[in-house]
$ cat final.cif   # mmCIF, C-alpha atoms and all ligand atoms
data_protein
#
loop_
_atom_site.label_atom_id
_atom_site.label_comp_id
_atom_site.auth_asym_id
_atom_site.auth_seq_id
_atom_site.Cartn_x
_atom_site.Cartn_y
_atom_site.Cartn_z
CA MET A 1 0.00 0.00 0.00
CA ASP A 2 1.41 3.38 -1.03
CA GLY A 3 0.33 6.62 0.62
CA THR A 4 -2.05 7.13 3.49
CA LEU A 5 -4.99 4.97 4.47
CA ALA A 6 -7.36 7.69 3.19
CA GLN A 7 -5.62 7.75 -0.19
CA TYR A 8 -5.98 3.99 -0.47
CA LEU A 9 -9.61 3.96 0.61
CA VAL A 10 -10.84 6.90 -1.46
CA LYS A 11 -10.10 5.24 -4.76
CA ASP A 12 -12.54 3.88 -7.33
CA LEU A 13 -13.40 0.23 -7.11
CA ILE A 14 -15.33 -1.46 -9.85
CA VAL A 15 -17.88 -4.04 -8.82
CA LYS A 16 -19.44 -5.63 -11.89
CA ASP A 17 -20.23 -2.58 -14.01
CA ARG A 18 -20.62 -0.09 -11.17
CA VAL A 19 -18.08 2.21 -9.59
CA ILE A 20 -17.73 2.61 -5.84
CA ARG A 21 -15.84 5.81 -5.05
CA ASN A 22 -14.61 4.65 -1.68
CA ARG A 23 -13.52 1.24 -0.44
CA MET A 24 -14.70 1.40 3.15
CA VAL A 25 -18.12 -0.18 3.74
CA LEU A 26 -20.51 -0.84 6.61
CA ALA A 27 -20.80 -4.59 7.30
CA PRO A 28 -24.27 -6.14 7.47
CA MET A 29 -25.50 -6.31 11.07
CA ALA A 30 -28.92 -7.62 12.05
CA GLY A 31 -30.58 -5.41 14.65
CA LEU A 32 -27.96 -2.67 14.22
CA GLY A 33 -27.70 -1.74 10.53
CA HIS A 34 -31.32 -0.59 10.22
CA ILE A 35 -32.63 2.53 8.46
CA ALA A 36 -32.23 4.87 11.46
CA PHE A 37 -28.66 3.79 12.14
CA ARG A 38 -27.79 4.12 8.46
CA ARG A 39 -29.14 7.67 8.50
CA LEU A 40 -26.82 8.41 11.40
CA VAL A 41 -23.85 7.02 9.47
CA SER A 42 -24.92 8.84 6.29
CA GLU A 43 -24.95 12.17 8.10
CA PHE A 44 -21.23 11.74 8.74
CA GLY A 45 -20.53 10.21 5.30
CA GLY A 46 -17.14 8.92 4.22
CA PHE A 47 -18.17 5.37 3.26
CA GLY A 48 -18.49 3.62 -0.10
CA LEU A 49 -21.43 1.33 0.58
CA LEU A 50 -23.80 0.45 3.40
CA PHE A 51 -25.23 -3.03 3.87
CA THR A 52 -28.60 -3.80 5.47
CA GLY A 53 -28.90 -6.42 8.20
CA MET A 54 -29.85 -9.83 6.86
CA CYS A 55 -33.40 -10.20 5.51
CA ASN A 56 -35.21 -13.50 5.07
CA ALA A 57 -35.27 -14.19 1.33
CA LYS A 58 -38.61 -15.99 1.55
CA ALA A 59 -40.28 -12.89 2.96
CA ILE A 60 -38.79 -10.31 0.60
CA PRO A 61 -40.99 -10.76 -2.49
CA HIS A 62 -44.13 -9.79 -0.52
CA GLU A 63 -42.53 -7.72 2.26
CA ASN A 64 -44.03 -4.30 3.04
CA PRO A 65 -41.28 -1.73 3.74
CA CYS A 66 -43.76 0.37 5.76
CA THR A 67 -44.16 -2.38 8.34
CA SER A 68 -40.95 -4.43 8.01
CA PRO A 69 -38.24 -3.44 10.50
CA VAL A 70 -35.46 -4.70 8.23
CA PHE A 71 -36.57 -4.37 4.60
CA LYS A 72 -36.89 -0.61 4.92
CA TRP A 73 -34.86 2.14 3.34
CA GLN A 74 -34.79 5.77 2.29
CA GLU A 75 -34.94 6.58 -1.41
CA GLU A 76 -31.73 8.63 -1.20
CA GLU A 77 -29.59 5.76 0.15
CA LEU A 78 -30.48 3.25 -2.57
CA GLY A 79 -27.53 4.36 -4.73
CA TYR A 80 -25.11 3.08 -2.08
CA LEU A 81 -27.20 0.49 -0.25
CA VAL A 82 -26.77 -3.27 -0.61
CA CYS A 83 -29.52 -5.51 0.72
CA GLN A 84 -28.38 -8.70 2.39
CA ILE A 85 -30.55 -11.82 2.21
CA PHE A 86 -30.34 -15.24 3.81
CA GLY A 87 -31.93 -18.50 2.77
CA SER A 88 -31.01 -21.86 1.31
CA ASP A 89 -33.34 -22.28 -1.60
CA PRO A 90 -31.89 -20.98 -4.90
CA GLU A 91 -35.32 -20.06 -6.28
CA SER A 92 -36.42 -17.98 -3.32
CA MET A 93 -33.00 -16.31 -3.09
CA ALA A 94 -33.35 -15.39 -6.78
CA ALA A 95 -36.91 -14.13 -6.30
CA ALA A 96 -35.77 -11.93 -3.41
CA ALA A 97 -32.91 -10.56 -5.52
CA VAL A 98 -35.37 -9.65 -8.29
CA ARG A 99 -37.43 -7.55 -5.85
CA ILE A 100 -34.23 -5.94 -4.53
CA GLU A 101 -33.18 -5.00 -8.04
CA LYS A 102 -36.65 -3.67 -8.83
CA GLU A 103 -36.59 -1.43 -5.77
CA GLY A 104 -33.34 0.14 -6.98
CA PHE A 105 -30.72 -1.11 -4.52
CA PHE A 106 -27.05 -0.87 -5.52
CA GLY A 107 -26.68 -4.62 -5.10
CA VAL A 108 -27.67 -7.79 -3.31
CA ASP A 109 -25.52 -9.59 -0.73
CA LEU A 110 -25.88 -13.30 0.01
CA ASN A 111 -25.29 -14.44 3.57
CA PHE A 112 -22.99 -17.48 3.85
CA GLY A 113 -21.47 -16.31 7.11
CA CYS A 114 -24.02 -16.11 9.91
CA SER A 115 -23.19 -18.76 12.51
CA VAL A 116 -26.05 -18.09 14.93
CA ALA A 117 -27.61 -21.44 15.89
CA ALA A 118 -31.17 -20.46 14.93
CA ILE A 119 -30.00 -19.64 11.39
CA CYS A 120 -27.61 -22.57 10.91
CA LYS A 121 -30.15 -25.10 12.23
CA LYS A 122 -32.34 -24.25 9.27
CA GLY A 123 -29.45 -24.71 6.86
CA TYR A 124 -28.95 -20.95 6.25
CA GLY A 125 -25.90 -18.70 6.63
CA ALA A 126 -22.63 -20.46 7.47
CA ALA A 127 -24.38 -23.87 7.38
CA LEU A 128 -24.35 -23.55 3.58
CA LEU A 129 -20.55 -23.73 3.62
CA LYS A 130 -20.97 -27.44 4.42
CA ASN A 131 -22.71 -27.84 1.08
CA PRO A 132 -20.55 -26.27 -1.66
CA GLU A 133 -22.78 -27.57 -4.49
CA LEU A 134 -25.88 -25.91 -3.08
CA SER A 135 -23.89 -22.75 -2.36
CA SER A 136 -22.87 -22.54 -6.03
CA LYS A 137 -26.47 -23.11 -7.13
CA ILE A 138 -27.67 -20.23 -4.96
CA VAL A 139 -25.13 -17.79 -6.34
CA LYS A 140 -25.80 -18.94 -9.93
CA ALA A 141 -29.56 -18.60 -9.53
CA VAL A 142 -29.21 -15.06 -8.17
CA ARG A 143 -26.65 -14.13 -10.83
CA GLU A 144 -28.99 -15.28 -13.60
CA ALA A 145 -31.98 -13.48 -12.09
CA VAL A 146 -30.52 -9.96 -11.75
CA SER A 147 -28.06 -7.61 -13.37
CA ILE A 148 -27.14 -5.59 -10.24
CA PRO A 149 -23.88 -6.53 -8.47
CA VAL A 150 -24.03 -9.76 -6.47
CA PHE A 151 -21.98 -9.80 -3.27
CA VAL A 152 -21.24 -12.84 -1.13
CA LYS A 153 -20.34 -12.65 2.54
CA PHE A 154 -18.76 -15.73 4.02
CA ARG A 155 -16.43 -16.95 6.74
CA THR A 156 -13.65 -19.53 6.91
CA GLY A 157 -16.06 -22.44 7.25
CA TRP A 158 -16.42 -25.10 9.92
CA GLU A 159 -12.82 -26.17 10.24
CA ASN A 160 -9.66 -24.16 10.34
CA ASN A 161 -8.59 -25.02 6.83
CA PRO A 162 -7.51 -22.16 4.55
CA LEU A 163 -8.01 -24.40 1.55
CA SER A 164 -11.73 -24.75 2.13
CA ALA A 165 -12.12 -20.96 2.35
CA VAL A 166 -10.09 -20.53 -0.85
CA ASN A 167 -12.11 -23.22 -2.63
CA MET A 168 -15.37 -21.57 -1.61
CA ALA A 169 -14.12 -18.18 -2.82
CA VAL A 170 -13.24 -19.65 -6.22
CA ARG A 171 -16.61 -21.37 -6.39
CA PHE A 172 -18.43 -18.12 -5.58
CA GLU A 173 -16.54 -16.29 -8.31
CA GLU A 174 -17.19 -19.06 -10.85
CA ALA A 175 -20.89 -19.01 -9.96
CA GLY A 176 -21.04 -15.30 -10.79
CA ALA A 177 -20.35 -13.32 -7.61
CA ASP A 178 -19.01 -9.83 -8.30
CA ALA A 179 -17.38 -9.18 -4.90
CA LEU A 180 -16.74 -11.07 -1.67
CA THR A 181 -16.66 -10.02 1.95
CA PHE A 182 -14.57 -12.47 3.91
CA HIS A 183 -14.57 -12.84 7.68
CA PRO A 184 -11.67 -15.18 8.52
CA ARG A 185 -13.10 -17.05 11.48
CA ILE A 186 -14.52 -20.54 11.65
CA ALA A 187 -18.22 -20.82 12.42
CA PRO A 188 -18.07 -22.18 15.98
CA ASP A 189 -15.74 -19.30 16.90
CA ARG A 190 -18.33 -16.59 16.43
CA ARG A 191 -16.29 -13.58 17.58
CA THR A 192 -14.26 -15.11 20.41
CA ARG A 193 -10.84 -15.78 18.88
CA PRO A 194 -9.07 -13.17 16.72
CA PRO A 195 -9.79 -13.42 13.00
CA GLN A 196 -6.96 -14.90 10.90
CA TRP A 197 -6.25 -12.09 8.51
CA ASP A 198 -3.67 -14.13 6.57
CA MET A 199 -6.57 -16.10 5.15
CA ILE A 200 -7.92 -12.91 3.61
CA ARG A 201 -4.73 -12.71 1.59
CA LEU A 202 -5.15 -16.28 0.35
CA VAL A 203 -8.74 -15.59 -0.63
CA GLN A 204 -7.92 -12.31 -2.42
CA GLU A 205 -5.05 -14.01 -4.28
CA ALA A 206 -7.33 -16.85 -5.42
CA VAL A 207 -9.96 -14.68 -7.12
CA SER A 208 -9.98 -11.77 -9.53
CA ILE A 209 -13.04 -10.05 -8.01
CA PRO A 210 -12.61 -7.60 -5.11
CA VAL A 211 -12.51 -8.96 -1.58
CA PHE A 212 -13.54 -6.80 1.37
CA GLY A 213 -11.57 -7.85 4.44
CA ASN A 214 -13.61 -8.01 7.65
CA GLY A 215 -12.97 -8.63 11.32
CA ASN A 216 -11.57 -6.60 14.22
CA LEU A 217 -10.86 -3.36 12.40
CA PHE A 218 -10.88 -0.84 15.22
CA GLU A 219 -8.23 1.79 14.55
CA GLU A 220 -6.66 3.31 11.45
CA LYS A 221 -3.51 1.33 12.10
CA ASP A 222 -5.60 -1.87 11.90
CA GLY A 223 -6.90 -0.75 8.50
CA ILE A 224 -3.37 -0.11 7.26
CA ARG A 225 -2.17 -3.44 8.64
CA MET A 226 -5.03 -5.39 7.06
CA ILE A 227 -4.41 -3.85 3.63
CA ARG A 228 -0.63 -4.43 3.85
CA GLN A 229 -0.99 -7.96 5.18
CA THR A 230 -3.74 -9.14 2.84
CA SER A 231 -3.87 -6.87 -0.26
CA CYS A 232 -7.65 -6.89 0.10
CA GLN A 233 -9.43 -4.39 -2.12
CA GLY A 234 -11.67 -2.91 0.55
CA LEU A 235 -12.51 -2.86 4.26
CA SER A 236 -15.80 -3.94 5.79
CA ILE A 237 -16.42 -2.47 9.25
CA GLY A 238 -18.96 -3.85 11.67
CA ARG A 239 -19.05 -3.21 15.39
CA MET A 240 -16.63 -0.31 15.43
CA ALA A 241 -18.95 1.63 13.13
CA VAL A 242 -21.71 1.16 15.68
CA ALA A 243 -19.46 2.42 18.46
CA ARG A 244 -18.32 5.37 16.28
CA PRO A 245 -20.62 6.05 13.33
CA TRP A 246 -18.25 8.84 12.20
CA LEU A 247 -15.44 6.31 11.71
CA PHE A 248 -15.79 6.26 7.92
CA SER A 249 -15.51 10.03 7.74
CA GLN A 250 -12.57 9.97 10.16
CA TRP A 251 -10.63 7.42 8.13
CA THR A 252 -11.44 8.70 4.65
CA ASN A 253 -12.26 12.43 4.99
CA ARG A 254 -9.95 13.38 7.85
CA PHE A 255 -13.01 14.28 9.91
CA VAL A 256 -11.91 15.31 13.39
CA PRO A 257 -14.50 14.51 16.05
CA GLY A 258 -15.17 17.28 18.57
CA ASN A 259 -15.37 16.81 22.34
CA ASP A 260 -19.14 16.45 22.39
CA ILE A 261 -19.34 13.95 19.53
CA PHE A 262 -20.32 11.00 21.74
CA HIS A 263 -23.19 12.78 23.47
CA GLN A 264 -24.43 14.48 20.29
CA THR A 265 -24.33 11.27 18.27
CA ALA A 266 -26.25 9.18 20.80
CA LEU A 267 -28.76 11.99 21.22
CA ARG A 268 -29.21 12.34 17.46
CA PHE A 269 -29.78 8.59 17.20
CA SER A 270 -32.52 8.82 19.83
CA TYR A 271 -34.29 11.31 17.55
CA LEU A 272 -33.76 9.40 14.30
CA LEU A 273 -35.18 6.12 15.64
CA PRO A 274 -38.77 7.34 16.17
CA ASP A 275 -38.87 8.71 12.62
CA HIS A 276 -39.01 5.08 11.52
CA PHE A 277 -40.14 2.91 14.43
CA ASP A 278 -42.66 3.11 17.27
CA GLU A 279 -41.51 4.19 20.73
CA ASP A 280 -41.11 0.71 22.25
CA PHE A 281 -39.18 -0.64 19.30
CA SER A 282 -37.04 2.50 19.18
CA VAL A 283 -36.12 1.98 22.84
CA ARG A 284 -35.28 -1.66 22.12
CA LEU A 285 -33.08 -0.69 19.19
CA PHE A 286 -31.33 1.98 21.24
CA LYS A 287 -30.58 -0.64 23.90
CA LYS A 288 -28.98 -2.87 21.25
CA TYR A 289 -26.73 0.00 20.23
CA ALA A 290 -25.94 1.04 23.83
CA PRO A 291 -23.19 -1.57 24.60
CA TYR A 292 -21.16 -0.46 21.56
CA PHE A 293 -21.62 3.18 22.50
CA CYS A 294 -20.63 2.59 26.13
CA ALA A 295 -17.54 0.61 25.05
CA ASN A 296 -16.02 4.01 24.21
CA PHE A 297 -15.72 4.90 27.88
CA LYS A 298 -13.70 3.92 30.88
CA PHE A 299 -16.13 2.21 33.28
CA GLY A 300 -18.39 1.58 30.27
CA HIS A 301 -20.16 -1.29 32.07
CA GLN A 302 -21.42 1.12 34.70
CA LEU A 303 -22.48 3.68 32.11
CA LEU A 304 -24.32 0.97 30.21
CA LYS A 305 -26.32 -0.03 33.28
CA LYS A 306 -27.30 3.59 33.81
CA LEU A 307 -28.11 4.26 30.16
CA VAL A 308 -30.40 1.28 29.63
CA ARG A 309 -32.45 1.85 32.78
CA ALA A 310 -35.09 3.40 30.51
CA GLN A 311 -38.64 2.76 29.37
CA THR A 312 -38.90 5.66 26.95
CA LEU A 313 -36.73 7.71 24.63
CA VAL A 314 -37.08 10.64 27.01
CA ASP A 315 -35.62 8.44 29.79
CA ILE A 316 -32.73 7.64 27.44
CA ARG A 317 -32.11 11.32 26.67
CA ASN A 318 -32.23 12.17 30.39
CA ASN A 319 -29.80 9.34 31.15
CA LEU A 320 -27.45 10.63 28.47
CA ALA A 321 -27.59 14.12 29.94
CA SER A 322 -26.78 12.84 33.39
CA ILE A 323 -23.95 10.59 32.11
CA PHE A 324 -22.31 13.44 30.23
CA GLU A 325 -22.70 15.87 33.12
CA SER A 326 -20.01 13.84 34.86
CA ASN A 327 -17.64 14.06 31.89
CA PRO A 328 -16.90 10.34 31.37
CA GLU A 329 -13.39 9.49 30.27
CA THR A 330 -13.22 8.18 26.70
CA LEU A 331 -10.94 5.37 25.57
CA SER A 332 -8.84 5.66 22.42
CA ARG A 333 -9.70 2.05 21.59
CA PRO A 334 -13.14 0.83 22.74
CA ASN A 335 -13.38 -1.89 25.36
CA ILE A 336 -14.25 -4.83 23.14
CA ASN A 337 -15.50 -6.83 26.11
CA LEU A 338 -18.63 -4.74 25.78
CA PHE A 339 -18.99 -5.61 22.09
CA LEU A 340 -21.48 -8.48 21.88
C1 LIG B 401 -25.04 -7.76 16.28
C2 LIG B 401 -24.43 -8.29 15.02
C3 LIG B 401 -25.24 -8.67 13.98
C4 LIG B 401 -24.68 -9.20 12.81
N1 LIG B 401 -25.52 -9.51 11.77
C5 LIG B 401 -24.99 -9.95 10.60
C6 LIG B 401 -25.82 -10.15 9.47
O1 LIG B 401 -27.04 -9.91 9.50
N2 LIG B 401 -25.23 -10.61 8.34
C7 LIG B 401 -23.89 -10.86 8.26
O2 LIG B 401 -23.42 -11.27 7.20
N3 LIG B 401 -23.07 -10.64 9.31
C8 LIG B 401 -23.60 -10.17 10.46
N4 LIG B 401 -22.77 -9.88 11.50
C9 LIG B 401 -21.30 -10.03 11.36
C10 LIG B 401 -20.66 -8.71 10.90
O3 LIG B 401 -21.08 -8.38 9.59
C11 LIG B 401 -19.12 -8.83 10.92
O4 LIG B 401 -18.73 -9.89 10.09
C12 LIG B 401 -18.57 -9.07 12.32
O5 LIG B 401 -19.15 -8.19 13.26
C13 LIG B 401 -17.04 -8.90 12.32
O6 LIG B 401 -16.68 -7.60 11.91
P1 LIG B 401 -16.25 -6.47 12.98
O7 LIG B 401 -15.12 -7.04 13.77
O8 LIG B 401 -15.88 -5.27 12.14
O9 LIG B 401 -17.44 -6.24 13.86
C14 LIG B 401 -23.28 -9.35 12.69
C15 LIG B 401 -22.47 -8.94 13.74
C16 LIG B 401 -23.01 -8.41 14.89
C17 LIG B 401 -22.11 -7.95 16.00
#

$ encode --input "final.cif" --output "structure tokens"
Amino acid sequence: MDGTLAQYLVKDLIVKDRVIRNRMVLAPMAGLGHIAFRRLVSEFGGFGLLFTGMCNAKAIPHENPCTSPVFKWQEEELGYLVCQIFGSDPESMAAAAVRIEKEGFFGVDLNFGCSVAAICKKGYGAALLKNPELSSKIVKAVREAVSIPVFVKFRTGWENNPLSAVNMAVRFEEAGADALTFHPRIAPDRRTRPPQWDMIRLVQEAVSIPVFGNGNLFEEKDGIRMIRQTSCQGLSIGRMAVARPWLFSQWTNRFVPGNDIFHQTALRFSYLLPDHFDEDFSVRLFKKYAPYFCANFKFGHQLLKKLVRAQTLVDIRNNLASIFESNPETLSRPNINLFL
């Protein structure tokens, strides 16, 4: 990598026949990457693409965006929004992709990485990595059904074997994927052990399509290290973007956060949520975000307890005011023990 991280990240990347002006993207996160959170991130800017949390492919063809908590977007984000779907049936994955293309999304992302038991038990997400033939069929079916870019997100697999990850990557490319996001952890690991970034290099070397490296990118020096170590074409940021939604702008636009950024951002989020969800659901979504937010502070566990003692958004705003009255000490690197 020559030059600064920003110079590397703010550089065109071609995915299929579309240009992304910036190589830093928001990873798909169920329960976190919803419309209100994406608005928060969009207000800071600095990213190339945003991904939705995973949506059930079977529901998408008849889903109503007015009532669905996940299949919901703002017109203005469609140009940089990729909708992620999960499922195991090639036909329903293709049907979902057709609706996603019709609605005007930038692309569709296929989930081959989720290792949550409820998803894998049904044969979805990372469970598909045990069945390479079916995985290929899914990607092929989606590829044939749409002309928008097709992304695949996957992880190492079920055993710590770089060859199986490389073989899957090649398979995905052959089946018609236009870009991959690779999270180098085996499924039973979830997020406990550190991701093995060297595997990202093997995957990127094995395919000619762009690979977004993912896993434990917290500070700019991590971004630089991942690019140097793996030659991946882009960075996919998950939890750290929840903790600091201005991270994209900081890494790519040299945005310098002010002293009140933490308070102002959490407060702003508490106002964006009810634009899209009812009060109870907004409070629930704020509580999902709260651990990542509190990880920014020394004694974050205590702040978290205080922050989530709330029934309403007004309670949350009052709790924020009282927390920031005491000037909590921020950490340069968030306490990842608070990251779920
Ligand atoms: C709460 C939560 C929900 C997630 N939901 C999804 C999902 O819907 N689809 C997916 O492919 N990955 C999902 N992931 C995994 C992230 O996309 C990402 O791979 C993981 O958090 C590692 O990246 P990070 O270290 O930057 O957070 C989720 C992660 C978290 C923490």

$ axis_aligned_box --input "final.cif" --around "ligand LIG 401 (chain B)" --padding-each-side "4 Å" --output "AutoDock Vina command-line options"
--center_x -21.1 --center_y -8.3 --center_z 11.7 --size_x 19.9 --size_y 14.0 --size_z 17.1

$ residues_around --input "final.cif" --residues "Pro257 (chain A)" --least-positions-apart "6" --cutoff "12 Å" --atoms "only C-alpha atoms" --output "MDAnalysis selection string"
chainID A and resid 44 244:251 263:265

$ closest_residue --input "final.cif" --among "A:Gly238, A:Pro162, A:Pro69, A:Gly3" --to "Ala206 (chain A)" --atoms "all atoms listed in the file"
A:Pro162

$ residues_near_ligand --input "final.cif" --ligand "ligand LIG 401 (chain B)" --cutoff "9 Å" --atoms "all atoms listed in the file" --output "PyMOL selection string"
chain A and resi 26-33+51-55+84-86+109-115+125+152-155+181-184+190-191+195+214-218+235-242+288-289+339-340

$ atom_distance --input "final.cif" --atom1 "CA of Ala36 (chain A)" --atom2 "CA of Leu273 (chain A)"
5.3 Å

$ closest_residue --input "final.cif" --among "A:Leu129, A:Ala243, A:Val211, A:Ile200" --to "Ala187 (chain A)" --atoms "all atoms listed in the file"
A:Leu129

$ atom_distance --input "final.cif" --atom1 "CA of Leu81 (chain A)" --atom2 "CA of Ala126 (chain A)"
22.8 Å

$ atom_distance --input "final.cif" --atom1 "CA of Ser164 (chain A)" --atom2 "CA of Val142 (chain A)"
22.5 Å

$ closest_residue --input "final.cif" --among "A:Ile323, A:Leu285, A:Leu49, A:Leu202" --to "Phe262 (chain A)" --atoms "only C-alpha atoms"
A:Ile323

$ residues_around --input "final.cif" --residues "Lys122 (chain A)" --least-positions-apart "5" --cutoff "12 Å" --atoms "only C-alpha atoms" --output "ChimeraX atom specification"
/A:56,86-89,114-117,127-128

$ residues_around --input "final.cif" --residues "region 16-19 of chain A" --least-positions-apart "4" --cutoff "12 Å" --atoms "only C-alpha atoms" --output "compact mmCIF listing (two decimals) with C-alpha atoms, in the frame of the given file"
# COMPACT_ATOMS: atom_id res chain seq x y z
CA VAL A 10 -10.84 6.90 -1.46
CA LYS A 11 -10.10 5.24 -4.76
CA ASP A 12 -12.54 3.88 -7.33
CA ARG A 23 -13.52 1.24 -0.44
CA GLY A 48 -18.49 3.62 -0.10
CA LEU A 49 -21.43 1.33 0.58
CA GLY A 79 -27.53 4.36 -4.73
CA TYR A 80 -25.11 3.08 -2.08
CA PHE A 106 -27.05 -0.87 -5.52
CA GLY A 107 -26.68 -4.62 -5.10
CA ARG A 143 -26.65 -14.13 -10.83
CA VAL A 146 -30.52 -9.96 -11.75
CA SER A 147 -28.06 -7.61 -13.37
CA ILE A 148 -27.14 -5.59 -10.24
CA PRO A 149 -23.88 -6.53 -8.47
CA VAL A 150 -24.03 -9.76 -6.47
CA PHE A 151 -21.98 -9.80 -3.27
CA GLU A 173 -16.54 -16.29 -8.31
CA GLY A 176 -21.04 -15.30 -10.79
CA ALA A 177 -20.35 -13.32 -7.61
CA ASP A 178 -19.01 -9.83 -8.30
CA ALA A 179 -17.38 -9.18 -4.90
CA LEU A 180 -16.74 -11.07 -1.67
CA SER A 208 -9.98 -11.77 -9.53
CA ILE A 209 -13.04 -10.05 -8.01
CA PRO A 210 -12.61 -7.60 -5.11

$ residues_around --input "final.cif" --residues "Thr330 (chain A)" --least-positions-apart "6" --cutoff "9 Å" --atoms "only C-alpha atoms" --output "list in words"
Ala295, Asn296, Phe297 and Lys298 of chain A

$ closest_residue --input "final.cif" --among "A:Phe299, A:Thr312, A:Val139, A:Glu220" --to "Leu331 (chain A)" --atoms "only C-alpha atoms"
A:Phe299

$ residues_around --input "final.cif" --residues "Ala94 (chain A)" --least-positions-apart "3" --cutoff "7 Å" --atoms "all atoms listed in the file" --output "list in words"
Pro90, Glu91, Ala97, Val98, Ala141, Val142 and Ala145 of chain A

$ closest_residue --input "final.cif" --among "A:Ile138, A:Val41, A:Leu50, A:Ile35" --to "Pro274 (chain A)" --atoms "only C-alpha atoms"
A:Ile35

$ closest_residue --input "final.cif" --among "A:Ser282, A:Ser42, A:Asn259, A:Ser270" --to "Glu329 (chain A)" --atoms "only C-alpha atoms"
A:Asn259

$ residues_near_point --input "final.cif" --point "(-23.9, 2.6, 24.3)" --cutoff "7 Å" --atoms "only C-alpha atoms" --output "NGL selection string"
:A and (289-295 or 304)

$ residues_near_point --input "final.cif" --point "(-34.8, 4.2, 31.4)" --cutoff "12 Å" --atoms "only C-alpha atoms" --output "number ranges by chain"
A: 280, 283-284, 286-287, 304-320, 322

$ build_atoms --input "final.cif" --residues "region 299-312 of chain A" --atoms "N, CA and C atoms" --output "PDB file, in the coordinates of the input"
ATOM      1  N   PHE A 299     -14.963   2.588  32.459  1.00  0.00           N
ATOM      2  CA  PHE A 299     -16.130   2.210  33.280  1.00  0.00           C
ATOM      3  C   PHE A 299     -17.414   2.125  32.437  1.00  0.00           C
ATOM      4  N   GLY A 300     -17.250   1.681  31.186  1.00  0.00           N
ATOM      5  CA  GLY A 300     -18.390   1.580  30.270  1.00  0.00           C
ATOM      6  C   GLY A 300     -19.502   0.669  30.787  1.00  0.00           C
ATOM      7  N   HIS A 301     -19.126  -0.383  31.534  1.00  0.00           N
ATOM      8  CA  HIS A 301     -20.160  -1.290  32.070  1.00  0.00           C
ATOM      9  C   HIS A 301     -21.133  -0.524  32.954  1.00  0.00           C
ATOM     10  N   GLN A 302     -20.557   0.353  33.783  1.00  0.00           N
ATOM     11  CA  GLN A 302     -21.420   1.120  34.700  1.00  0.00           C
ATOM     12  C   GLN A 302     -22.297   2.102  33.927  1.00  0.00           C
ATOM     13  N   LEU A 303     -21.704   2.733  32.918  1.00  0.00           N
ATOM     14  CA  LEU A 303     -22.480   3.680  32.110  1.00  0.00           C
ATOM     15  C   LEU A 303     -23.627   2.951  31.405  1.00  0.00           C
ATOM     16  N   LEU A 304     -23.306   1.746  30.936  1.00  0.00           N
ATOM     17  CA  LEU A 304     -24.320   0.970  30.210  1.00  0.00           C
ATOM     18  C   LEU A 304     -25.526   0.695  31.104  1.00  0.00           C
ATOM     19  N   LYS A 305     -25.227   0.270  32.332  1.00  0.00           N
ATOM     20  CA  LYS A 305     -26.320  -0.030  33.280  1.00  0.00           C
ATOM     21  C   LYS A 305     -27.213   1.195  33.452  1.00  0.00           C
ATOM     22  N   LYS A 306     -26.563   2.341  33.589  1.00  0.00           N
ATOM     23  CA  LYS A 306     -27.300   3.590  33.810  1.00  0.00           C
ATOM     24  C   LYS A 306     -28.114   3.979  32.556  1.00  0.00           C
ATOM     25  N   LEU A 307     -27.474   3.829  31.416  1.00  0.00           N
ATOM     26  CA  LEU A 307     -28.110   4.260  30.160  1.00  0.00           C
ATOM     27  C   LEU A 307     -29.349   3.444  29.835  1.00  0.00           C
ATOM     28  N   VAL A 308     -29.287   2.135  30.073  1.00  0.00           N
ATOM     29  CA  VAL A 308     -30.400   1.280  29.630  1.00  0.00           C
ATOM     30  C   VAL A 308     -31.509   1.154  30.684  1.00  0.00           C
ATOM     31  N   ARG A 309     -31.340   1.821  31.814  1.00  0.00           N
ATOM     32  CA  ARG A 309     -32.450   1.850  32.780  1.00  0.00           C
ATOM     33  C   ARG A 309     -33.459   2.872  32.235  1.00  0.00           C
ATOM     34  N   ALA A 310     -34.221   2.451  31.230  1.00  0.00           N
ATOM     35  CA  ALA A 310     -35.090   3.400  30.510  1.00  0.00           C
ATOM     36  C   ALA A 310     -36.279   2.669  29.914  1.00  0.00           C
ATOM     37  N   GLN A 311     -37.422   3.322  29.995  1.00  0.00           N
ATOM     38  CA  GLN A 311     -38.640   2.760  29.370  1.00  0.00           C
ATOM     39  C   GLN A 311     -38.987   3.550  28.109  1.00  0.00           C
ATOM     40  N   THR A 312     -38.522   4.786  28.064  1.00  0.00           N
ATOM     41  CA  THR A 312     -38.900   5.660  26.950  1.00  0.00           C
ATOM     42  C   THR A 312     -37.656   6.352  26.384  1.00  0.00           C
TER      43      THR A 312
END
